[in-house]
Every structure is written in structure tokens, then in C-alpha cells.
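Structure data (mmCIF, C-alpha atoms) from run16.cif:
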data_upload
#
loop_
_atom_site.label_atom_id
_atom_site.label_comp_id
_atom_site.auth_asym_id
_atom_site.auth_seq_id
_atom_site.Cartn_x
_atom_site.Cartn_y
_atom_site.Cartn_z
CA MET A 174 0.00 0.00 0.00
CA SER A 175 1.49 3.30 -1.03
CA GLN A 176 1.27 6.36 1.14
CA ILE A 177 0.30 9.65 -0.34
CA THR A 178 1.47 12.83 1.37
CA ILE A 179 -0.21 16.04 0.46
CA LYS A 180 1.68 19.25 1.32
CA SER A 181 -0.30 22.31 1.94
CA PRO A 182 0.47 25.51 -0.03
CA LYS A 183 1.45 27.11 3.27
CA HIS A 184 4.14 24.49 3.83
CA CYS A 185 5.60 24.97 0.30
CA ALA A 186 5.68 28.72 0.71
CA SER A 187 7.53 28.31 4.00
CA LYS A 188 10.25 26.18 2.36
CA GLN A 189 10.65 28.66 -0.52
CA GLY A 190 10.98 31.50 1.97
CA LEU A 191 13.77 29.64 3.76
CA LYS A 192 15.65 29.14 0.46
CA LEU A 193 15.36 32.82 -0.44
CA GLU A 194 16.57 33.82 3.02
CA ARG A 195 19.59 31.53 2.68
CA ASN A 196 20.41 32.96 -0.76
CA TYR A 197 20.22 36.53 0.57
CA LYS A 198 22.52 35.60 3.44
CA LYS A 199 25.04 34.06 1.01
CA LEU A 200 24.99 37.19 -1.16
CA TYR A 201 25.39 39.37 1.91
CA PHE A 202 28.42 37.40 3.09
CA VAL A 203 29.99 37.43 -0.40
CA PHE A 204 29.62 41.21 -0.78
CA SER A 205 30.78 41.81 2.80
CA ALA A 206 33.89 39.69 2.23
CA PHE A 207 34.59 41.50 -1.07
CA PHE A 208 34.34 45.01 0.39
CA THR A 209 36.31 44.00 3.48
CA THR A 210 39.10 42.67 1.24
CA ILE A 211 39.15 45.91 -0.77
CA LEU A 212 39.31 48.04 2.39
CA LEU A 213 42.10 45.90 3.85
CA LEU A 214 44.01 46.15 0.57
CA ILE A 215 43.71 49.96 0.58
CA LEU A 216 44.80 50.06 4.23
CA LEU A 217 47.77 47.81 3.48
CA ILE A 218 48.88 50.03 0.57
CA TRP A 219 48.47 53.09 2.78
CA LEU A 220 50.56 51.56 5.59
CA ILE A 221 53.30 50.48 3.17
CA LEU A 222 53.53 53.85 1.44
CA HIS A 223 52.70 56.02 4.50
CA PRO A 224 52.98 59.43 2.82
CA ALA A 225 55.32 61.95 4.40
CA LYS A 226 54.13 65.47 5.15
CA PRO A 227 54.69 68.11 2.46
CA GLN A 228 57.66 70.38 3.14
CA PHE A 229 57.58 74.18 3.01
CA SER A 230 60.42 76.67 3.20
CA LEU A 231 60.38 80.46 3.21
CA LYS A 232 62.45 81.93 0.39
CA GLU A 233 61.71 85.65 0.56
CA VAL A 234 59.65 88.13 2.58
CA ASP A 235 59.20 91.81 1.67
CA ILE A 236 57.35 94.27 3.91
CA PHE A 237 56.16 97.27 1.89
CA GLN A 238 53.79 98.70 4.49
CA LEU A 239 53.32 98.32 8.24
CA ASN A 240 51.61 101.47 9.48
CA LEU A 241 49.57 102.03 12.61
CA SER A 242 46.71 104.51 12.40
CA GLY A 243 45.12 104.71 15.83
CA PRO A 244 43.77 101.26 16.77
CA ASN A 245 44.02 100.02 13.17
CA LEU A 246 46.87 98.65 11.10
CA ASN A 247 47.56 98.84 7.37
CA SER A 248 49.98 96.28 6.00
CA SER A 249 51.36 94.98 2.71
CA ILE A 250 53.65 91.95 2.64
CA GLN A 251 54.95 89.90 -0.28
CA LEU A 252 56.21 86.38 0.34
CA THR A 253 57.63 83.48 -1.65
CA LEU A 254 57.28 79.91 -0.42
CA LEU A 255 58.82 76.73 -1.77
CA SER A 256 56.49 73.74 -1.49
CA LYS A 257 57.94 70.24 -1.92
CA ASN A 258 56.35 66.79 -2.05
CA PRO A 259 58.98 64.40 -0.61
CA ASN A 260 57.05 61.23 -1.51
CA GLN A 261 58.25 58.92 -4.28
CA LYS A 262 54.93 57.16 -4.86
CA VAL A 263 52.32 59.61 -3.57
CA SER A 264 51.00 62.76 -5.23
CA ILE A 265 49.14 65.62 -3.55
CA TYR A 266 46.07 67.69 -4.42
CA TYR A 267 46.01 71.05 -2.65
CA ASP A 268 42.30 71.90 -2.76
CA GLU A 269 42.41 74.80 -0.28
CA PHE A 270 45.34 76.90 0.90
CA GLN A 271 45.24 80.32 2.58
CA LEU A 272 48.16 82.43 3.79
CA TYR A 273 48.32 85.26 6.33
CA ALA A 274 50.84 87.03 8.58
CA THR A 275 50.91 87.52 12.35
CA TYR A 276 52.98 89.76 14.61
CA LYS A 277 53.18 89.33 18.37
CA GLY A 278 50.32 86.83 18.24
CA GLN A 279 48.00 89.16 16.29
CA GLN A 280 46.89 88.67 12.69
CA ILE A 281 48.07 91.69 10.69
CA THR A 282 46.88 90.77 7.17
CA GLY A 283 43.79 89.27 5.66
CA ASP A 284 43.65 85.67 4.42
CA THR A 285 45.07 85.36 0.91
CA PRO A 286 43.86 82.27 -1.01
CA VAL A 287 46.30 80.29 -3.14
CA PRO A 288 44.73 78.76 -6.28
CA PRO A 289 44.28 74.95 -6.04
CA PHE A 290 47.17 72.98 -7.52
CA TYR A 291 48.42 69.44 -8.04
CA GLN A 292 51.86 68.30 -6.92
CA GLY A 293 53.38 65.18 -8.45
CA GLN A 294 55.80 62.78 -6.82
CA GLU A 295 58.96 64.52 -5.52
CA GLU A 296 57.81 67.72 -7.23
CA SER A 297 58.43 71.28 -6.00
CA ASN A 298 56.42 74.47 -6.58
CA LEU A 299 57.13 78.13 -5.89
CA ILE A 300 54.21 79.99 -4.34
CA THR A 301 54.12 83.79 -4.39
CA ALA A 302 51.42 85.67 -2.50
CA SER A 303 50.60 89.27 -1.59
CA LEU A 304 49.26 89.61 1.95
CA VAL A 305 47.34 92.85 2.53
CA GLY A 306 45.62 94.29 5.57
CA ASN A 307 43.49 97.43 5.47
CA GLY A 308 42.27 98.90 8.75
CA ILE A 309 42.80 95.70 10.75
CA PRO A 310 41.94 96.25 14.45
CA VAL A 311 44.93 95.56 16.70
CA ALA A 312 45.71 95.79 20.42
CA PRO A 313 46.85 99.19 21.74
CA SER A 314 50.13 97.58 22.84
CA LEU A 315 51.18 96.85 19.26
CA GLY A 316 52.68 100.32 18.77
CA TYR A 317 54.86 99.78 21.85
CA GLU A 318 55.98 96.37 20.52
CA VAL A 319 56.97 97.88 17.17
CA GLY A 320 59.01 100.58 18.96
CA ARG A 321 60.75 97.98 21.10
CA ASP A 322 61.65 95.91 18.03
CA GLN A 323 63.08 99.02 16.36
CA SER A 324 65.33 99.54 19.38
CA ALA A 325 66.37 95.88 19.25
CA GLY A 326 67.14 96.21 15.54
CA ARG A 327 64.95 93.37 14.27
CA ILE A 328 61.35 92.37 13.71
CA VAL A 329 59.94 88.84 13.76
CA LEU A 330 56.93 87.90 11.64
CA ILE A 331 55.10 84.57 11.62
CA LEU A 332 53.75 83.58 8.20
CA LYS A 333 50.99 80.99 8.46
CA GLY A 334 49.10 78.78 6.07
CA ILE A 335 45.97 76.67 6.54
CA GLY A 336 44.32 74.39 4.03
CA LYS A 337 43.04 71.01 2.90
CA LEU A 338 44.86 68.40 0.84
CA ARG A 339 44.24 64.95 -0.61
CA TRP A 340 46.75 62.13 -1.22
CA LYS A 341 46.81 60.28 -4.55
CA VAL A 342 48.21 56.75 -4.87
CA GLY A 343 47.81 55.35 -8.37
CA THR A 344 44.14 55.90 -9.20
CA TRP A 345 43.06 56.01 -5.56
CA VAL A 346 42.49 59.43 -3.97
CA SER A 347 42.04 59.92 -0.22
CA GLY A 348 39.59 62.16 1.60
CA HIS A 349 40.51 65.64 2.77
CA TYR A 350 43.17 66.25 5.40
CA ARG A 351 43.62 69.61 7.11
CA PHE A 352 47.16 70.97 7.29
CA ASN A 353 48.89 73.94 8.92
CA VAL A 354 52.13 75.66 7.96
CA ASN A 355 54.18 77.97 10.23
CA CYS A 356 57.17 80.00 9.01
CA VAL A 357 59.31 82.43 11.00
CA SER A 358 60.90 85.44 9.31
CA VAL A 359 63.49 87.58 11.14
CA MET A 360 64.27 90.93 9.46
CA ALA A 361 66.57 93.86 10.22
CA PHE A 362 64.48 96.77 11.54
CA GLY A 363 66.24 99.82 12.95
CA PRO A 364 65.14 103.43 13.61
CA SER A 365 66.55 104.53 10.24
CA MET A 366 64.27 102.05 8.43
CA VAL A 367 60.97 103.58 9.51
CA GLY A 368 58.71 103.93 6.48
CA ALA A 369 61.17 102.14 4.19
CA PRO A 370 60.46 98.71 2.66
CA LEU A 371 62.01 95.77 4.49
CA PHE A 372 63.47 92.85 2.58
CA SER A 373 64.58 89.40 3.68
CA THR A 374 66.03 86.72 1.42
CA GLN A 375 67.25 84.51 4.25
CA GLY A 376 65.68 81.11 3.74
CA ALA A 377 63.91 79.42 6.65
CA GLN A 378 62.40 75.96 7.01
CA CYS A 379 58.72 75.94 7.97
CA SER A 380 56.91 73.45 10.22
CA THR A 381 53.97 71.48 8.84
CA THR A 382 51.27 69.64 10.78
CA ILE A 383 48.47 67.46 9.40
#
Give the structure from the file, written as C-alpha cells.
Amino acid sequence: MSQITIKSPKHCASKQGLKLERNYKKLYFVFSAFFTTILLLILLIWLILHPAKPQFSLKEVDIFQLNLSGPNLNSSIQLTLLSKNPNQKVSIYYDEFQLYATYKGQQITGDTPVPPFYQGQEESNLITASLVGNGIPVAPSLGYEVGRDQSAGRIVLILKGIGKLRWKVGTWVSGHYRFNVNCVSVMAFGPSMVGAPLFSTQGAQCSTTI
């Protein structure tokens, strides 16, 4: 005697649902493993190459104007920076870069933007910028500081840069990284130089943080 088993539609649907769920889980694990492998590969390349920070050096600083008018300051400074990418296998996109000058901890020029540029492997670029400040509010003590520096025979300016860059390795490009540049310029500044332009061609290495 043969036995006949009749499966209800509900039972069949339940088995099909289990198969679909298993297939979705397999696909999920396959895609997860694929993306994890890609991310680990990128991380491995990054750790092997480990890009070094870009290097900046100050080549020339010219002060054409540094005049106090009451509580405000008018300034005009021209600077030349050398930017170098020390990496042999990593290129750099400079998407944002702004330069300004400070004196005794006070900003004495406005922010001057540098046009975006690309820097290849072990490539160097000269950057020239005019930093201008018109009617910038400063502390009342600034006039005293300028007089003291005249007596000492020198003036110290801090040239700063802030921006965003991206690393490029082959066809892969990283996200944005913020960077800061600090350069120190020491210039002769005596009583006989009041009102005259000040020039400095003494090179100075700048510090860079990312």
C-alpha cells in the first residue's frame, strides 16, 4: 500500500521562503567579504607607502607697508614659499590653501587664497602671495611692541598657512586632510628704516602639521 502525502500551499511557501533567506545571506556574506578585502588592501597600501608630510620653506619676505593709524593697522607683505612633495609614490592635491601674517600673536593681514594645484611625486612648486591688511583692528600695545623691536634692531613675523589636501596613490584618492604651515621670518628693523620697505632673502624651514 502506497502512502500519499499532500503538502499544503502554506508548507511549500515556507520552504521557498527559507531558500530565499539563505540565498540573501550568502549574497550578503559574499559582498561583505569582497568590500572588506578591498578596504584591507587599501589600508595595506596606505601603511606600506605612508605618505610623508609636504615640506615648506620660506624663500623671501618683503614688507612694503606696516603702518599704525590709531587702533588700526595697514599692511602689505609679499612672500615666496617653496612647497615640496617628498614622496616617491604619492602625489598631492592642494584643494584649499590660505596664507596670512601675524605679529606678536595678532593677525596683521587678511587671508590670501592660493589657487588649487596638483603636486606630483617629488615635485616642487614656488608659491608667491601678496598679503594685505586694510584697517585691521589691533591691540593698543602693538605700537609699543613695534618701537621695542626698532630699538632691538629686528622684527619677527610669523607667516601661516591653513588648508586642505588629498593624497593620490595610483588611481586612488584619499579624503581631505587639514594641514597647517608655520614659518618664522626675522628681518633687520632699525630706527633709520621707519617707512622704508624691508626685505629678507634669508631662507627658513617651515613646520607642517596634518
Please provide the set of residues having any atom within 7 Å of Asn260 of chain A, restricted to all atoms listed in the file, with same-chain residues fewer than 5 positions apart removed, written as a list of chain:residue names. A:Pro224, A:Ala225, A:Gln294, A:Glu295
Smallest atom-to-atom distance to Pro227 of chain A: which of A:Ile265, A:Val359, A:Val305, A:Leu299, using all atoms listed in the file? A:Ile265
Could you name the residues that touch Cys379 of chain A at 8 Å or less, counting all atoms listed in the file, but leaving out those on the same chain fewer than 5 positions away, as a PDB file with C-alpha atoms, in the frame of the given file?
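Saved as result_27.pdb:
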ATOM      1  CA  GLN A 228      57.660  70.380   3.140  1.00  0.00           C
ATOM      2  CA  PHE A 229      57.580  74.180   3.010  1.00  0.00           C
ATOM      3  CA  SER A 230      60.420  76.670   3.200  1.00  0.00           C
ATOM      4  CA  LEU A 231      60.380  80.460   3.210  1.00  0.00           C
ATOM      5  CA  VAL A 354      52.130  75.660   7.960  1.00  0.00           C
ATOM      6  CA  ASN A 355      54.180  77.970  10.230  1.00  0.00           C
ATOM      7  CA  CYS A 356      57.170  80.000   9.010  1.00  0.00           C
ATOM      8  CA  VAL A 357      59.310  82.430  11.000  1.00  0.00           C
TER       9      VAL A 357
END
Please, which residues are within 6 Å of (49.7, 55.9, -2.5) by the file's coordinates, counting all atoms listed in the file, and could they come as a VMD selection string? chain A and resid 222 262 to 263 341 to 342
Please build the interface table for segment 318-375 of chain A against segment 275-286 of chain A with a cut-off of 10 Å, listing for each qualifying residue the nearest atom pair and the distance in Å to one decimal; count all atoms listed in the file, order rows by chain and increasing number, and write it as JSON lines.
{"residue": "A:Glu318", "atom": "CA", "partner": "A:Lys277", "partner_atom": "CA", "distance": 7.9}
{"residue": "A:Val319", "atom": "CA", "partner": "A:Tyr276", "partner_atom": "CA", "distance": 9.4}
{"residue": "A:Ile328", "atom": "CA", "partner": "A:Tyr276", "partner_atom": "CA", "distance": 8.8}
{"residue": "A:Val329", "atom": "CA", "partner": "A:Tyr276", "partner_atom": "CA", "distance": 7.1}
{"residue": "A:Leu330", "atom": "CA", "partner": "A:Tyr276", "partner_atom": "CA", "distance": 5.3}
{"residue": "A:Ile331", "atom": "CA", "partner": "A:Thr275", "partner_atom": "CA", "distance": 5.2}
{"residue": "A:Leu332", "atom": "CA", "partner": "A:Thr275", "partner_atom": "CA", "distance": 6.4}
{"residue": "A:Lys333", "atom": "CA", "partner": "A:Thr275", "partner_atom": "CA", "distance": 7.6}
{"residue": "A:Gly334", "atom": "CA", "partner": "A:Asp284", "partner_atom": "CA", "distance": 8.9}
{"residue": "A:Ile335", "atom": "CA", "partner": "A:Asp284", "partner_atom": "CA", "distance": 9.5}
{"residue": "A:Gly336", "atom": "CA", "partner": "A:Pro286", "partner_atom": "CA", "distance": 9.4}
{"residue": "A:Val357", "atom": "CA", "partner": "A:Thr275", "partner_atom": "CA", "distance": 9.9}
Using atom CA of Ala302 of chain A and atom CA of Leu272 of chain A as the two end points, give the distance in Å to one decimal. 7.8 Å
Just how far from atom CA of Lys226 of chain A is atom CA of Leu254 of chain A, in Å to one decimal?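 Computed distance, atom CA of Leu254 of chain A to atom CA of Lys226 of chain A, equals 15.8 Å.
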Could you tell me which residues the PyMOL selection byres ((chain A and resi 240) around 10) returns for this structure, as a PyMOL selection string? chain A and resi 237-239+241-243+245-249+307-308+316+367-368
Using the chain letters and numbers from the file, which residues does the PyMOL selection byres ((chain A and resi 340) around 10) grab, as a ChimeraX atom specification? /A:224,263-267,292,338-339,341-343,345-350
List the spatial neighbours of Ala325 of chain A as a list of chain:residue names - criterion: any atom at most 10 Å away, all atoms listed in the file, same-chain residues fewer than 6 positions off excluded.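 Those residues are A:Val319, A:Ala361, A:Phe362, A:Gly363, A:Pro364.
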Could those residues be written to a file, using C-alpha atoms, as a compact mmCIF listing (two decimals), keeping the file's coordinate frame?
# COMPACT_ATOMS: atom_id res chain seq x y z
CA VAL A 319 56.97 97.88 17.17
CA ALA A 361 66.57 93.86 10.22
CA PHE A 362 64.48 96.77 11.54
CA GLY A 363 66.24 99.82 12.95
CA PRO A 364 65.14 103.43 13.61
Considering only C-alpha atoms, can you say which of A:Lys232, A:Lys337, A:His223, A:Arg351 comes closest to Phe290 of chain A?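 Checking each of A:Lys232, A:Lys337, A:His223, A:Arg351 against Phe290 of chain A, counting only C-alpha atoms, the winner is A:Lys337.
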How many Å separate atom CA of Asn353 of chain A from atom CA of Ser256 of chain A?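 According to the coordinates, atom CA of Asn353 of chain A and atom CA of Ser256 of chain A are separated by 12.9 Å.
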For segment 279-294 of chain A, supply N, CA, C and O atoms and report the output as a PDB file, in the coordinates of the input.
ATOM      1  N   GLN A 279      49.172  88.524  16.879  1.00  0.00           N
ATOM      2  CA  GLN A 279      48.000  89.160  16.290  1.00  0.00           C
ATOM      3  C   GLN A 279      48.062  89.069  14.758  1.00  0.00           C
ATOM      4  O   GLN A 279      49.125  89.303  14.172  1.00  0.00           O
ATOM      5  N   GLN A 280      46.939  88.738  14.149  1.00  0.00           N
ATOM      6  CA  GLN A 280      46.890  88.670  12.690  1.00  0.00           C
ATOM      7  C   GLN A 280      46.934  90.087  12.132  1.00  0.00           C
ATOM      8  O   GLN A 280      46.140  90.948  12.515  1.00  0.00           O
ATOM      9  N   ILE A 281      47.884  90.339  11.207  1.00  0.00           N
ATOM     10  CA  ILE A 281      48.070  91.690  10.690  1.00  0.00           C
ATOM     11  C   ILE A 281      47.768  91.808   9.200  1.00  0.00           C
ATOM     12  O   ILE A 281      47.938  92.878   8.609  1.00  0.00           O
ATOM     13  N   THR A 282      47.329  90.722   8.571  1.00  0.00           N
ATOM     14  CA  THR A 282      46.880  90.770   7.170  1.00  0.00           C
ATOM     15  C   THR A 282      45.608  89.942   7.048  1.00  0.00           C
ATOM     16  O   THR A 282      45.280  89.142   7.933  1.00  0.00           O
ATOM     17  N   GLY A 283      44.928  90.133   5.938  1.00  0.00           N
ATOM     18  CA  GLY A 283      43.790  89.270   5.660  1.00  0.00           C
ATOM     19  C   GLY A 283      44.263  87.917   5.157  1.00  0.00           C
ATOM     20  O   GLY A 283      45.459  87.696   4.941  1.00  0.00           O
ATOM     21  N   ASP A 284      43.327  86.992   4.976  1.00  0.00           N
ATOM     22  CA  ASP A 284      43.650  85.670   4.420  1.00  0.00           C
ATOM     23  C   ASP A 284      43.749  85.776   2.905  1.00  0.00           C
ATOM     24  O   ASP A 284      42.810  86.241   2.250  1.00  0.00           O
ATOM     25  N   THR A 285      44.873  85.340   2.363  1.00  0.00           N
ATOM     26  CA  THR A 285      45.070  85.360   0.910  1.00  0.00           C
ATOM     27  C   THR A 285      44.978  83.940   0.377  1.00  0.00           C
ATOM     28  O   THR A 285      45.809  83.088   0.731  1.00  0.00           O
ATOM     29  N   PRO A 286      43.989  83.644  -0.489  1.00  0.00           N
ATOM     30  CA  PRO A 286      43.860  82.270  -1.010  1.00  0.00           C
ATOM     31  C   PRO A 286      44.884  81.986  -2.115  1.00  0.00           C
ATOM     32  O   PRO A 286      45.176  82.846  -2.943  1.00  0.00           O
ATOM     33  N   VAL A 287      45.421  80.778  -2.080  1.00  0.00           N
ATOM     34  CA  VAL A 287      46.300  80.290  -3.140  1.00  0.00           C
ATOM     35  C   VAL A 287      45.460  79.412  -4.062  1.00  0.00           C
ATOM     36  O   VAL A 287      44.714  78.552  -3.576  1.00  0.00           O
ATOM     37  N   PRO A 288      45.529  79.602  -5.381  1.00  0.00           N
ATOM     38  CA  PRO A 288      44.730  78.760  -6.280  1.00  0.00           C
ATOM     39  C   PRO A 288      45.045  77.279  -6.088  1.00  0.00           C
ATOM     40  O   PRO A 288      46.206  76.913  -5.828  1.00  0.00           O
ATOM     41  N   PRO A 289      44.036  76.398  -6.188  1.00  0.00           N
ATOM     42  CA  PRO A 289      44.280  74.950  -6.040  1.00  0.00           C
ATOM     43  C   PRO A 289      45.327  74.473  -7.041  1.00  0.00           C
ATOM     44  O   PRO A 289      45.384  74.961  -8.179  1.00  0.00           O
ATOM     45  N   PHE A 290      46.156  73.519  -6.611  1.00  0.00           N
ATOM     46  CA  PHE A 290      47.170  72.980  -7.520  1.00  0.00           C
ATOM     47  C   PHE A 290      47.467  71.530  -7.190  1.00  0.00           C
ATOM     48  O   PHE A 290      47.169  71.046  -6.096  1.00  0.00           O
ATOM     49  N   TYR A 291      48.057  70.862  -8.168  1.00  0.00           N
ATOM     50  CA  TYR A 291      48.420  69.440  -8.040  1.00  0.00           C
ATOM     51  C   TYR A 291      49.938  69.339  -7.978  1.00  0.00           C
ATOM     52  O   TYR A 291      50.655  70.030  -8.703  1.00  0.00           O
ATOM     53  N   GLN A 292      50.425  68.473  -7.091  1.00  0.00           N
ATOM     54  CA  GLN A 292      51.860  68.300  -6.920  1.00  0.00           C
ATOM     55  C   GLN A 292      52.219  66.835  -7.111  1.00  0.00           C
ATOM     56  O   GLN A 292      51.788  65.974  -6.344  1.00  0.00           O
ATOM     57  N   GLY A 293      52.992  66.555  -8.159  1.00  0.00           N
ATOM     58  CA  GLY A 293      53.380  65.180  -8.450  1.00  0.00           C
ATOM     59  C   GLY A 293      54.420  64.664  -7.479  1.00  0.00           C
ATOM     60  O   GLY A 293      54.860  65.352  -6.555  1.00  0.00           O
ATOM     61  N   GLN A 294      54.836  63.440  -7.697  1.00  0.00           N
ATOM     62  CA  GLN A 294      55.800  62.780  -6.820  1.00  0.00           C
ATOM     63  C   GLN A 294      57.156  63.489  -6.872  1.00  0.00           C
ATOM     64  O   GLN A 294      57.691  63.744  -7.951  1.00  0.00           O
TER      65      GLN A 294
END
